[in-house]
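Student: File name entry25.pdb; file contents PDB, C-alpha atoms; full text below.
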```pdb
ATOM      1  CA  MET A  28       2.667 -14.117  43.851
ATOM      2  CA  ARG A  29       4.444 -10.754  43.726
ATOM      3  CA  SER A  30       5.985 -11.636  40.373
ATOM      4  CA  ARG A  31       2.618 -12.650  38.976
ATOM      5  CA  LYS A  32       1.054  -9.438  40.278
ATOM      6  CA  ARG A  33       3.747  -7.307  38.680
ATOM      7  CA  ILE A  34       3.334  -9.079  35.353
ATOM      8  CA  SER A  35      -0.421  -8.672  35.393
ATOM      9  CA  VAL A  36      -0.148  -4.975  36.218
ATOM     10  CA  SER A  37       2.398  -4.396  33.459
ATOM     11  CA  GLN A  38       0.174  -6.236  31.009
ATOM     12  CA  LEU A  39      -2.797  -4.115  32.086
ATOM     13  CA  VAL A  40      -0.808  -0.915  31.585
ATOM     14  CA  LEU A  41       0.331  -2.114  28.168
ATOM     15  CA  VAL A  42      -3.231  -2.988  27.119
ATOM     16  CA  LEU A  43      -4.534   0.398  28.264
ATOM     17  CA  PHE A  44      -1.743   2.195  26.443
ATOM     18  CA  LEU A  45      -2.365   0.288  23.207
ATOM     19  CA  PHE A  46      -6.107   0.887  23.584
ATOM     20  CA  PHE A  47      -5.484   4.632  23.880
ATOM     21  CA  VAL A  48      -3.195   4.605  20.849
ATOM     22  CA  THR A  49      -5.843   2.685  18.898
ATOM     23  CA  LEU A  50      -8.469   5.275  19.813
ATOM     24  CA  THR A  51      -6.264   8.115  18.579
ATOM     25  CA  MET A  52      -6.222   6.442  15.148
ATOM     26  CA  LEU A  53      -9.715   4.966  15.077
ATOM     27  CA  VAL A  54     -11.778   7.955  16.275
ATOM     28  CA  PRO A  55     -10.640  10.341  13.486
ATOM     29  CA  LEU A  56     -11.384   7.655  10.908
ATOM     30  CA  LEU A  57     -14.843   6.989  12.346
ATOM     31  CA  ASN A  58     -15.461  10.733  12.512
ATOM     32  CA  ILE A  59     -14.652  11.125   8.810
ATOM     33  CA  LEU A  60     -16.933   8.191   8.001
ATOM     34  CA  ALA A  61     -19.770   9.603  10.134
ATOM     35  CA  LYS A  62     -19.546  13.034   8.513
ATOM     36  CA  SER A  63     -19.486  11.558   5.031
ATOM     37  CA  LEU A  64     -22.670   9.576   5.754
ATOM     38  CA  SER A  65     -24.532  12.481   7.374
ATOM     39  CA  SER A  66     -26.773  14.980   5.624
ATOM     40  CA  PRO A  67     -25.099  18.315   4.707
ATOM     41  CA  THR A  68     -27.212  20.243   7.217
ATOM     42  CA  GLU A  69     -26.103  17.987  10.088
ATOM     43  CA  SER A  70     -22.476  17.320   9.171
ATOM     44  CA  VAL A  71     -21.568  21.022   9.426
ATOM     45  CA  GLY A  72     -22.169  21.085  13.177
ATOM     46  CA  MET A  73     -20.564  17.724  14.002
ATOM     47  CA  SER A  74     -17.560  17.865  16.312
ATOM     48  CA  GLY A  75     -14.305  16.034  15.791
ATOM     49  CA  LEU A  76     -15.302  13.359  18.318
ATOM     50  CA  ALA A  77     -18.642  12.434  16.721
ATOM     51  CA  ILE A  78     -18.463   8.855  15.437
ATOM     52  CA  LEU A  79     -22.129   8.234  14.590
ATOM     53  CA  PRO A  80     -23.777   9.696  11.461
ATOM     54  CA  ARG A  81     -26.748  12.043  11.767
ATOM     55  CA  GLN A  82     -29.628  11.707   9.304
ATOM     56  CA  VAL A  83     -27.895   9.256   7.019
ATOM     57  CA  ASP A  84     -27.578  10.681   3.517
ATOM     58  CA  LEU A  85     -25.481   9.269   0.651
ATOM     59  CA  LEU A  86     -25.280  12.602  -1.193
ATOM     60  CA  ASN A  87     -21.512  12.833  -0.758
ATOM     61  CA  TYR A  88     -20.941   9.382  -2.215
ATOM     62  CA  ARG A  89     -23.323  10.093  -5.099
ATOM     63  CA  ILE A  90     -21.245  13.167  -5.920
ATOM     64  CA  VAL A  91     -18.016  11.201  -5.691
ATOM     65  CA  PHE A  92     -19.100   8.278  -7.881
ATOM     66  CA  SER A  93     -20.880  10.488 -10.419
ATOM     67  CA  HIS A  94     -17.711  12.458 -11.091
ATOM     68  CA  PRO A  95     -16.431  11.770 -14.649
ATOM     69  CA  ILE A  96     -12.777  11.616 -13.573
ATOM     70  CA  LEU A  97     -12.866  10.036 -10.134
ATOM     71  CA  VAL A  98     -14.232   6.630 -11.152
ATOM     72  CA  PRO A  99     -11.692   6.173 -14.012
ATOM     73  CA  SER A 100      -8.936   7.307 -11.647
ATOM     74  CA  LEU A 101     -10.094   4.719  -9.091
ATOM     75  CA  ILE A 102      -9.917   2.000 -11.758
ATOM     76  CA  ASN A 103      -6.461   3.203 -12.809
ATOM     77  CA  SER A 104      -5.264   3.045  -9.202
ATOM     78  CA  LEU A 105      -6.586  -0.501  -8.841
ATOM     79  CA  ILE A 106      -4.886  -1.615 -12.064
ATOM     80  CA  ILE A 107      -1.562  -0.027 -11.126
ATOM     81  CA  THR A 108      -1.723  -1.477  -7.606
ATOM     82  CA  LEU A 109      -2.629  -5.029  -8.669
ATOM     83  CA  VAL A 110      -0.329  -5.291 -11.689
ATOM     84  CA  GLY A 111       2.473  -3.294 -10.064
ATOM     85  CA  THR A 112       2.420  -5.350  -6.850
ATOM     86  CA  ALA A 113       2.445  -8.594  -8.856
ATOM     87  CA  VAL A 114       5.480  -7.367 -10.813
ATOM     88  CA  ASN A 115       7.155  -6.287  -7.559
ATOM     89  CA  ILE A 116       6.626  -9.661  -5.877
ATOM     90  CA  VAL A 117       7.783 -11.730  -8.863
ATOM     91  CA  LEU A 118      10.960  -9.709  -9.428
ATOM     92  CA  THR A 119      11.802  -9.257  -5.737
ATOM     93  CA  THR A 120      11.348 -12.919  -4.764
ATOM     94  CA  THR A 121      13.197 -14.279  -7.788
ATOM     95  CA  ALA A 122      16.079 -11.851  -7.185
ATOM     96  CA  ALA A 123      16.129 -12.749  -3.478
ATOM     97  CA  TYR A 124      16.213 -16.446  -4.336
ATOM     98  CA  ALA A 125      19.103 -15.973  -6.764
ATOM     99  CA  LEU A 126      21.089 -13.819  -4.339
ATOM    100  CA  THR A 127      20.732 -16.364  -1.524
ATOM    101  CA  ARG A 128      22.158 -19.247  -3.576
ATOM    102  CA  PRO A 129      25.573 -20.117  -2.121
ATOM    103  CA  ARG A 130      27.248 -20.761  -5.496
ATOM    104  CA  LEU A 131      26.101 -17.576  -7.224
ATOM    105  CA  ALA A 132      28.977 -15.940  -9.103
ATOM    106  CA  LEU A 133      29.797 -12.284  -8.324
ATOM    107  CA  LYS A 134      27.346 -12.283  -5.423
ATOM    108  CA  ARG A 135      29.259  -9.716  -3.377
ATOM    109  CA  PRO A 136      29.732  -7.171  -6.226
ATOM    110  CA  ILE A 137      26.036  -7.442  -7.084
ATOM    111  CA  MET A 138      25.025  -6.760  -3.473
ATOM    112  CA  VAL A 139      27.437  -3.823  -3.249
ATOM    113  CA  PHE A 140      25.968  -2.383  -6.440
ATOM    114  CA  LEU A 141      22.380  -2.780  -5.154
ATOM    115  CA  ILE A 142      23.192  -1.154  -1.812
ATOM    116  CA  ILE A 143      24.900   1.774  -3.577
ATOM    117  CA  MET A 144      21.825   2.222  -5.771
ATOM    118  CA  MET A 145      19.652   2.181  -2.629
ATOM    119  CA  LEU A 146      21.745   4.775  -0.805
ATOM    120  CA  PHE A 147      22.470   7.069  -3.770
ATOM    121  CA  ASP A 148      19.269   7.572  -5.718
ATOM    122  CA  PRO A 149      20.048   8.939  -9.209
ATOM    123  CA  GLY A 150      17.192  11.444  -8.945
ATOM    124  CA  LEU A 151      14.066  12.341 -10.856
ATOM    125  CA  VAL A 152      15.619  13.969 -13.941
ATOM    126  CA  PRO A 153      17.530  10.864 -15.189
ATOM    127  CA  GLU A 154      14.469   8.753 -14.383
ATOM    128  CA  TYR A 155      12.230  11.092 -16.386
ATOM    129  CA  LEU A 156      14.602  11.033 -19.367
ATOM    130  CA  VAL A 157      14.706   7.226 -19.344
ATOM    131  CA  VAL A 158      10.909   6.991 -19.223
ATOM    132  CA  GLN A 159      10.677   9.499 -22.066
ATOM    133  CA  LYS A 160      13.248   7.668 -24.223
ATOM    134  CA  LEU A 161      11.395   4.377 -23.703
ATOM    135  CA  GLY A 162       8.164   5.978 -24.931
ATOM    136  CA  LEU A 163       6.282   5.255 -21.713
ATOM    137  CA  MET A 164       4.979   8.779 -21.102
ATOM    138  CA  GLY A 165       1.230   8.641 -20.528
ATOM    139  CA  SER A 166       1.299   4.852 -20.039
ATOM    140  CA  LYS A 167       0.557   3.063 -16.770
ATOM    141  CA  TRP A 168       3.744   1.073 -17.313
ATOM    142  CA  SER A 169       5.734   4.239 -16.630
ATOM    143  CA  VAL A 170       4.562   4.097 -13.005
ATOM    144  CA  ILE A 171       4.678   0.299 -12.730
ATOM    145  CA  LEU A 172       8.167  -0.364 -14.107
ATOM    146  CA  VAL A 173      10.022   2.571 -12.546
ATOM    147  CA  THR A 174       9.684   1.136  -9.024
ATOM    148  CA  ALA A 175       9.682  -2.551  -9.967
ATOM    149  CA  VAL A 176      12.159  -3.556  -7.235
ATOM    150  CA  ASN A 177      12.870  -1.920  -3.892
ATOM    151  CA  VAL A 178      16.318  -2.912  -2.634
ATOM    152  CA  TYR A 179      15.303  -2.613   1.031
ATOM    153  CA  TYR A 180      12.367  -5.004   0.518
ATOM    154  CA  LEU A 181      14.689  -7.273  -1.471
ATOM    155  CA  ILE A 182      17.028  -7.522   1.525
ATOM    156  CA  ILE A 183      14.054  -8.310   3.797
ATOM    157  CA  MET A 184      13.019 -11.127   1.451
ATOM    158  CA  MET A 185      16.595 -12.436   1.374
ATOM    159  CA  ARG A 186      16.608 -12.712   5.172
ATOM    160  CA  TYR A 187      13.455 -14.867   5.031
ATOM    161  CA  PHE A 188      14.850 -17.110   2.299
ATOM    162  CA  GLU A 189      18.090 -17.590   4.231
ATOM    163  CA  LYS A 190      16.084 -19.090   7.114
ATOM    164  CA  VAL A 191      14.794 -21.939   4.929
ATOM    165  CA  PRO A 192      16.586 -25.101   6.132
ATOM    166  CA  GLN A 193      19.322 -26.136   3.729
ATOM    167  CA  SER A 194      18.466 -29.801   4.251
ATOM    168  CA  ILE A 195      15.089 -29.255   2.549
ATOM    169  CA  VAL A 196      16.778 -27.572  -0.408
ATOM    170  CA  GLU A 197      19.297 -30.418  -0.693
ATOM    171  CA  ALA A 198      16.531 -33.020  -0.556
ATOM    172  CA  ALA A 199      14.614 -31.209  -3.312
ATOM    173  CA  THR A 200      17.783 -31.001  -5.412
ATOM    174  CA  ILE A 201      18.345 -34.748  -5.058
ATOM    175  CA  ASP A 202      14.747 -35.338  -6.160
ATOM    176  CA  GLY A 203      15.453 -33.345  -9.324
ATOM    177  CA  ALA A 204      13.508 -30.168  -8.498
ATOM    178  CA  SER A 205      14.288 -27.147 -10.665
ATOM    179  CA  HIS A 206      14.911 -23.678  -9.287
ATOM    180  CA  LEU A 207      11.385 -22.565 -10.178
ATOM    181  CA  GLN A 208       9.934 -25.641  -8.480
ATOM    182  CA  MET A 209      11.977 -25.005  -5.332
ATOM    183  CA  LEU A 210      10.948 -21.361  -5.322
ATOM    184  CA  GLY A 211       7.262 -22.163  -5.766
ATOM    185  CA  HIS A 212       6.967 -25.286  -3.609
ATOM    186  CA  ILE A 213       9.552 -24.700  -0.880
ATOM    187  CA  PHE A 214      10.610 -21.080  -0.476
ATOM    188  CA  TYR A 215       7.207 -19.463  -0.987
ATOM    189  CA  PRO A 216       5.309 -21.755   1.458
ATOM    190  CA  LEU A 217       8.016 -21.502   4.132
ATOM    191  CA  SER A 218       8.307 -17.715   3.752
ATOM    192  CA  LYS A 219       4.646 -16.750   3.637
ATOM    193  CA  ALA A 220       5.088 -14.122   6.356
ATOM    194  CA  GLY A 221       7.893 -12.454   4.405
ATOM    195  CA  VAL A 222       6.010 -12.530   1.122
ATOM    196  CA  ALA A 223       2.907 -11.142   2.853
ATOM    197  CA  THR A 224       4.984  -8.406   4.479
ATOM    198  CA  ILE A 225       6.550  -7.072   1.289
ATOM    199  CA  THR A 226       3.236  -7.526  -0.548
ATOM    200  CA  MET A 227       1.607  -5.169   1.951
ATOM    201  CA  PHE A 228       4.517  -2.722   1.712
ATOM    202  CA  TYR A 229       4.445  -2.696  -2.078
ATOM    203  CA  ALA A 230       0.633  -2.478  -2.276
ATOM    204  CA  VAL A 231       0.488   0.496   0.103
ATOM    205  CA  VAL A 232       3.197   2.333  -1.854
ATOM    206  CA  ARG A 233       1.477   1.554  -5.161
ATOM    207  CA  TRP A 234      -1.927   2.658  -3.909
ATOM    208  CA  ASN A 235      -0.603   5.911  -2.433
ATOM    209  CA  GLU A 236       1.482   6.792  -5.495
ATOM    210  CA  TYR A 237       0.677  10.289  -6.727
ATOM    211  CA  PHE A 238       4.002  12.023  -7.417
ATOM    212  CA  ARG A 239       5.175   9.953 -10.393
ATOM    213  CA  ALA A 240       1.612   9.516 -11.620
ATOM    214  CA  GLY A 241       1.188  13.286 -11.621
ATOM    215  CA  ILE A 242       4.311  13.614 -13.799
ATOM    216  CA  TYR A 243       4.024  10.694 -16.201
ATOM    217  CA  LEU A 244       0.253  10.244 -16.629
ATOM    218  CA  THR A 245      -0.555  13.645 -18.118
ATOM    219  CA  ARG A 246      -1.888  12.932 -21.620
ATOM    220  CA  LYS A 247      -5.570  12.673 -20.677
ATOM    221  CA  SER A 248      -7.447  13.606 -17.507
ATOM    222  CA  THR A 249      -8.896  10.084 -17.360
ATOM    223  CA  ASP A 250      -5.376   8.607 -17.178
ATOM    224  CA  THR A 251      -4.740  10.017 -13.723
ATOM    225  CA  VAL A 252      -4.933   8.028 -10.493
ATOM    226  CA  LEU A 253      -7.152   8.448  -7.467
ATOM    227  CA  GLN A 254      -4.444   9.870  -5.213
ATOM    228  CA  VAL A 255      -3.794  12.758  -7.630
ATOM    229  CA  VAL A 256      -7.493  13.671  -7.571
ATOM    230  CA  LEU A 257      -7.562  13.232  -3.798
ATOM    231  CA  ARG A 258      -4.563  15.524  -3.329
ATOM    232  CA  GLN A 259      -6.029  18.151  -5.647
ATOM    233  CA  PHE A 260      -9.331  18.215  -3.784
ATOM    234  CA  VAL A 261      -8.429  17.468  -0.151
ATOM    235  CA  VAL A 262      -4.963  19.022   0.162
ATOM    236  CA  LEU A 263      -5.122  21.869  -2.347
ATOM    237  CA  GLY A 264      -8.830  22.625  -1.715
ATOM    238  CA  ASP A 265      -9.822  22.546  -5.401
ATOM    239  CA  THR A 266     -13.591  22.056  -5.000
ATOM    240  CA  VAL A 267     -14.255  22.612  -8.708
ATOM    241  CA  SER A 268     -12.321  19.440  -9.530
ATOM    242  CA  ILE A 269     -14.799  17.273  -7.605
ATOM    243  CA  LEU A 270     -18.064  19.245  -7.872
ATOM    244  CA  GLY A 271     -17.778  20.271 -11.503
ATOM    245  CA  GLN A 272     -17.509  23.815 -12.824
ATOM    246  CA  GLN A 273     -21.124  24.030 -13.979
ATOM    247  CA  ASN A 274     -22.500  22.928 -10.589
ATOM    248  CA  VAL A 275     -20.400  25.574  -8.830
ATOM    249  CA  PHE A 276     -21.640  28.293 -11.189
ATOM    250  CA  ASP A 277     -25.283  27.213 -10.808
ATOM    251  CA  TYR A 278     -24.873  26.796  -7.036
ATOM    252  CA  ASN A 279     -27.315  23.880  -7.068
ATOM    253  CA  ALA A 280     -27.827  21.170  -4.445
ATOM    254  CA  LEU A 281     -24.459  19.595  -5.241
ATOM    255  CA  ALA A 282     -22.593  22.868  -4.784
ATOM    256  CA  ARG A 283     -24.307  23.397  -1.414
ATOM    257  CA  ALA A 284     -22.910  20.152  -0.026
ATOM    258  CA  ASP A 285     -20.687  20.263   3.031
ATOM    259  CA  TYR A 286     -17.169  20.398   1.607
ATOM    260  CA  SER A 287     -15.544  18.823   4.679
ATOM    261  CA  ALA A 288     -17.988  15.900   4.544
ATOM    262  CA  LEU A 289     -17.398  15.572   0.809
ATOM    263  CA  LYS A 290     -13.671  15.436   1.438
ATOM    264  CA  GLY A 291     -14.353  12.753   4.033
ATOM    265  CA  ALA A 292     -16.266  10.660   1.498
ATOM    266  CA  THR A 293     -13.378  10.979  -0.963
ATOM    267  CA  ILE A 294     -10.902   9.885   1.715
ATOM    268  CA  ILE A 295     -13.049   6.881   2.663
ATOM    269  CA  VAL A 296     -13.259   5.795  -0.976
ATOM    270  CA  ALA A 297      -9.470   6.101  -1.207
ATOM    271  CA  ILE A 298      -8.623   4.047   1.893
ATOM    272  CA  ILE A 299     -11.232   1.253   1.761
ATOM    273  CA  PRO A 300      -9.433  -0.892  -0.865
ATOM    274  CA  ILE A 301      -6.161  -0.930   1.061
ATOM    275  CA  LEU A 302      -7.978  -1.625   4.356
ATOM    276  CA  ILE A 303      -9.568  -4.704   2.786
ATOM    277  CA  LEU A 304      -6.070  -6.079   2.152
ATOM    278  CA  TYR A 305      -4.950  -5.953   5.793
ATOM    279  CA  PRO A 306      -6.976  -8.941   7.162
ATOM    280  CA  PHE A 307      -5.609 -11.193   4.400
ATOM    281  CA  VAL A 308      -2.038 -10.246   5.311
ATOM    282  CA  LEU A 309      -2.347 -10.317   9.098
ATOM    283  CA  ARG A 310      -3.428 -13.955   9.159
ATOM    284  CA  PHE A 311       0.077 -14.985   8.113
ATOM    285  CA  TYR A 312       1.462 -13.655  11.400
ATOM    286  CA  ALA A 313      -0.631 -15.958  13.597
ATOM    287  CA  LYS A 314       2.164 -18.483  14.008
ATOM    288  CA  ASP A 315       5.693 -19.235  12.929
ATOM    289  CA  VAL A 316       5.437 -20.576   9.396
ATOM    290  CA  LEU A 317       8.717 -22.458   9.691
ATOM    291  CA  SER A 318       7.602 -24.481  12.711
ATOM    292  CA  GLY A 319       7.214 -28.123  11.819
ATOM    293  CA  GLY A 320       8.865 -27.668   8.427
ATOM    294  CA  ILE A 321      11.669 -30.072   9.347
ATOM    295  CA  LYS A 322      12.827 -31.931  12.429
ATOM    296  CA  GLU A 323      16.501 -32.643  12.835
TER     297      GLU A 323
END
```
Mind converting the file's structure to structure tokens?
Tutor:
Amino acid sequence: MRSRKRISVSQLVLVLFLFFVTLTMLVPLLNILAKSLSSPTESVGMSGLAILPRQVDLLNYRIVFSHPILVPSLINSLIITLVGTAVNIVLTTTAAYALTRPRLALKRPIMVFLIIMMLFDPGLVPEYLVVQKLGLMGSKWSVILVTAVNVYYLIIMMRYFEKVPQSIVEAATIDGASHLQMLGHIFYPLSKAGVATITMFYAVVRWNEYFRAGIYLTRKSTDTVLQVVLRQFVVLGDTVSILGQQNVFDYNALARADYSALKGATIIVAIIPILILYPFVLRFYAKDVLSGGIKE
């Protein structure tokens, strides 16, 4: 009875602690959402703990989606995230599969080389020169191909592939399965949690990319990505970039909008796509995907 009581109390303390931590992350997000949905006259006086909108008004979102640069930048971010993550997953999983094959020649030198490249980054200047020599300046491929494989995520994927029972691989080999068939029909299904994990990691990095995009995508203003616009407006406080120079000079209804609420609307637009991805990834952690795969 005492042991059960101690366990229940510890569980209660843990739940309360996690609930408090959740509130510290959820309340600011709900506050930003509430301000962005409130009318400009009401959002100015809202405190940092207000989580319900006052006099719902979509003015901030109308300003955001009517901006000539923001919508193209949102589309560019979606393209880079989707295509870039697909490239990341294909290259990372195929490399992890190859590096976990027991009869791979020069396996140790290849791993040493990859770890050295992970620890000693060559830097931005050589990377910039390579992108320039390849003629990728101003192209979305400059952002997609530069970070095609992350060695740390590759090692994570290798650990998942190494857990696949060797007896299944041997049985598939006897049945005449090719490497691509084994990768698609055995390793992927039995490593769904690992694939989902690095997919989330890659997608978040792709979506939040602004540094390389700000350097390489400079030919036209419509080639930029959403995070560059978000940084320019939210971090640097450049209100002209989101409101438009003519609206600021005229000081019309758009220029009289609450800037903090407008920043909140921009932030909400920037985080919604990546939040939609989380439920699809979290469902892979419900149970051990290797359970029941083989019984020996």
Student: Please report the interatomic distance between CA of Ala123 (chain A) and CA of Ile182 (chain A) in Å with one decimal.
Tutor: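 Between these atoms lies a distance of 7.3 Å.
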Student: Please report the interatomic distance between CA of Ala288 (chain A) and CA of Glu236 (chain A) in Å with one decimal.
Tutor: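 For CA of Ala288 (chain A) relative to CA of Glu236 (chain A), the distance reads 23.7 Å.
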Student: Return the single residue from A:Ile78, A:Leu133, A:Val48, A:Ile195 that is closest to Ala61 (chain A), with distances computed using all atoms listed in the file.
Tutor: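 Smallest distance to Ala61 (chain A) is found for A:Ile78.
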Student: Applied to the shown file, which residues does the PyMOL selection byres ((chain A and resi 165) around 7) return, written as JSON, numbers by chain?
Tutor: {"A": [163, 164, 166, 167, 243, 244, 245, 246]}
Student: Return the single residue from A:Asn87, A:Gln259, A:Val252, A:Arg239 that is closest to Glu154 (chain A), with distances computed using only C-alpha atoms.
Tutor: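 Once distances to Glu154 (chain A) are computed over only C-alpha atoms, the minimum belongs to A:Arg239.
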Student: Hey, what comes out of the PyMOL selection byres ((chain A and resi 297) around 9) on this file? Could you write it as a list of chain:residue names?
Tutor: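 Selected by the PyMOL selection byres ((chain A and resi 297) around 9) here: A:Leu101, A:Trp234, A:Asn235, A:Leu253, A:Gln254, A:Leu257, A:Ala292, A:Thr293, A:Ile294, A:Ile295, A:Val296, A:Ile298, A:Ile299, A:Pro300, A:Ile301.
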Student: Do you know which residues are at most 12 Å from Tyr124 (chain A) counting all atoms listed in the file, after dropping those on the same chain fewer than 2 positions away, and could you put them as a PyMOL selection string?
Tutor: chain A and resi 116-122+126-131+134+181-191+196+206-211+213-215+218
Student: Hey, can you spit out that residue selection with C-alpha atoms as a compact mmCIF listing (two decimals), keeping the file's coordinate frame?
Tutor:
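Saved result, result07.txt, follows:
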```txt
# COMPACT_ATOMS: atom_id res chain seq x y z
CA ILE A 116 6.63 -9.66 -5.88
CA VAL A 117 7.78 -11.73 -8.86
CA LEU A 118 10.96 -9.71 -9.43
CA THR A 119 11.80 -9.26 -5.74
CA THR A 120 11.35 -12.92 -4.76
CA THR A 121 13.20 -14.28 -7.79
CA ALA A 122 16.08 -11.85 -7.18
CA LEU A 126 21.09 -13.82 -4.34
CA THR A 127 20.73 -16.36 -1.52
CA ARG A 128 22.16 -19.25 -3.58
CA PRO A 129 25.57 -20.12 -2.12
CA ARG A 130 27.25 -20.76 -5.50
CA LEU A 131 26.10 -17.58 -7.22
CA LYS A 134 27.35 -12.28 -5.42
CA LEU A 181 14.69 -7.27 -1.47
CA ILE A 182 17.03 -7.52 1.52
CA ILE A 183 14.05 -8.31 3.80
CA MET A 184 13.02 -11.13 1.45
CA MET A 185 16.60 -12.44 1.37
CA ARG A 186 16.61 -12.71 5.17
CA TYR A 187 13.46 -14.87 5.03
CA PHE A 188 14.85 -17.11 2.30
CA GLU A 189 18.09 -17.59 4.23
CA LYS A 190 16.08 -19.09 7.11
CA VAL A 191 14.79 -21.94 4.93
CA VAL A 196 16.78 -27.57 -0.41
CA HIS A 206 14.91 -23.68 -9.29
CA LEU A 207 11.38 -22.56 -10.18
CA GLN A 208 9.93 -25.64 -8.48
CA MET A 209 11.98 -25.00 -5.33
CA LEU A 210 10.95 -21.36 -5.32
CA GLY A 211 7.26 -22.16 -5.77
CA ILE A 213 9.55 -24.70 -0.88
CA PHE A 214 10.61 -21.08 -0.48
CA TYR A 215 7.21 -19.46 -0.99
CA SER A 218 8.31 -17.72 3.75
```
Student: Of the residues A:Ile142, A:Leu302, A:Leu309, A:Ala223, which is the one nearest to Leu56 (chain A), using all atoms listed in the file?
Tutor: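 Answer, going by the shortest atom-to-atom distance: A:Leu302.
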Student: Name the closest residue to Ala175 (chain A) among the candidates A:Val231, A:Leu217, A:Ala113, A:Leu146; distances are taken between atoms, counting all atoms listed in the file.
Tutor: A:Ala113
Student: To one decimal place in Å, what is the distance between CA of Ile137 (chain A) and CA of Pro149 (chain A)?
Tutor: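 Separation of CA of Ile137 (chain A) and CA of Pro149 (chain A): 17.6 Å.
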Student: Could you give me, as a PyMOL selection string, the residues within 10 Å of Asn115 (chain A), counting all atoms listed in the file and dropping anything in the same chain fewer than 4 positions from it?
Tutor: chain A and resi 109-111+119-120+171-172+174-177+180-181+225-226+229-230+233
Student: List every protein, DNA or RNA residue that has at least one atom no more than 7 Å from (-1.5, -8.7, 4.3) in the file's coordinates, counting all atoms listed in the file, and write the result as a PyMOL selection string.
Tutor: chain A and resi 223-224+226-227+304-309
Student: Between A:Val91, A:Ile107, A:Pro55, A:Ser66, which is the closest to Lys290 (chain A) once you count only C-alpha atoms?
Tutor: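 Among the listed residues, the smallest separation from Lys290 (chain A) belongs to A:Val91.
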Student: Complete the atom set of region 286-300 of chain A to N, CA and C atoms and return it as a PDB file, in the coordinates of the input.
Tutor:
```pdb
ATOM      1  N   TYR A 286     -18.436  20.743   2.238  1.00  0.00           N
ATOM      2  CA  TYR A 286     -17.169  20.398   1.607  1.00  0.00           C
ATOM      3  C   TYR A 286     -16.322  19.469   2.483  1.00  0.00           C
ATOM      4  N   SER A 287     -16.325  19.684   3.792  1.00  0.00           N
ATOM      5  CA  SER A 287     -15.544  18.823   4.679  1.00  0.00           C
ATOM      6  C   SER A 287     -16.076  17.392   4.657  1.00  0.00           C
ATOM      7  N   ALA A 288     -17.398  17.237   4.626  1.00  0.00           N
ATOM      8  CA  ALA A 288     -17.988  15.900   4.544  1.00  0.00           C
ATOM      9  C   ALA A 288     -17.706  15.264   3.197  1.00  0.00           C
ATOM     10  N   LEU A 289     -17.705  16.081   2.143  1.00  0.00           N
ATOM     11  CA  LEU A 289     -17.398  15.572   0.809  1.00  0.00           C
ATOM     12  C   LEU A 289     -15.944  15.120   0.728  1.00  0.00           C
ATOM     13  N   LYS A 290     -15.061  15.865   1.368  1.00  0.00           N
ATOM     14  CA  LYS A 290     -13.671  15.436   1.438  1.00  0.00           C
ATOM     15  C   LYS A 290     -13.552  14.119   2.200  1.00  0.00           C
ATOM     16  N   GLY A 291     -14.355  13.995   3.270  1.00  0.00           N
ATOM     17  CA  GLY A 291     -14.353  12.753   4.033  1.00  0.00           C
ATOM     18  C   GLY A 291     -14.784  11.566   3.199  1.00  0.00           C
ATOM     19  N   ALA A 292     -15.806  11.749   2.375  1.00  0.00           N
ATOM     20  CA  ALA A 292     -16.266  10.660   1.498  1.00  0.00           C
ATOM     21  C   ALA A 292     -15.171  10.272   0.502  1.00  0.00           C
ATOM     22  N   THR A 293     -14.467  11.267  -0.025  1.00  0.00           N
ATOM     23  CA  THR A 293     -13.378  10.979  -0.963  1.00  0.00           C
ATOM     24  C   THR A 293     -12.261  10.211  -0.277  1.00  0.00           C
ATOM     25  N   ILE A 294     -11.952  10.583   0.961  1.00  0.00           N
ATOM     26  CA  ILE A 294     -10.902   9.885   1.715  1.00  0.00           C
ATOM     27  C   ILE A 294     -11.308   8.446   1.998  1.00  0.00           C
ATOM     28  N   ILE A 295     -12.570   8.233   2.371  1.00  0.00           N
ATOM     29  CA  ILE A 295     -13.049   6.881   2.663  1.00  0.00           C
ATOM     30  C   ILE A 295     -12.955   6.004   1.421  1.00  0.00           C
ATOM     31  N   VAL A 296     -13.354   6.552   0.279  1.00  0.00           N
ATOM     32  CA  VAL A 296     -13.259   5.795  -0.976  1.00  0.00           C
ATOM     33  C   VAL A 296     -11.808   5.437  -1.272  1.00  0.00           C
ATOM     34  N   ALA A 297     -10.882   6.322  -0.906  1.00  0.00           N
ATOM     35  CA  ALA A 297      -9.470   6.101  -1.207  1.00  0.00           C
ATOM     36  C   ALA A 297      -8.812   5.084  -0.285  1.00  0.00           C
ATOM     37  N   ILE A 298      -9.302   4.943   0.947  1.00  0.00           N
ATOM     38  CA  ILE A 298      -8.623   4.047   1.893  1.00  0.00           C
ATOM     39  C   ILE A 298      -9.289   2.684   2.029  1.00  0.00           C
ATOM     40  N   ILE A 299     -10.534   2.532   1.590  1.00  0.00           N
ATOM     41  CA  ILE A 299     -11.232   1.253   1.761  1.00  0.00           C
ATOM     42  C   ILE A 299     -10.508   0.104   1.051  1.00  0.00           C
ATOM     43  N   PRO A 300     -10.097   0.252  -0.210  1.00  0.00           N
ATOM     44  CA  PRO A 300      -9.433  -0.892  -0.865  1.00  0.00           C
ATOM     45  C   PRO A 300      -8.202  -1.395  -0.132  1.00  0.00           C
TER      46      PRO A 300
END
```
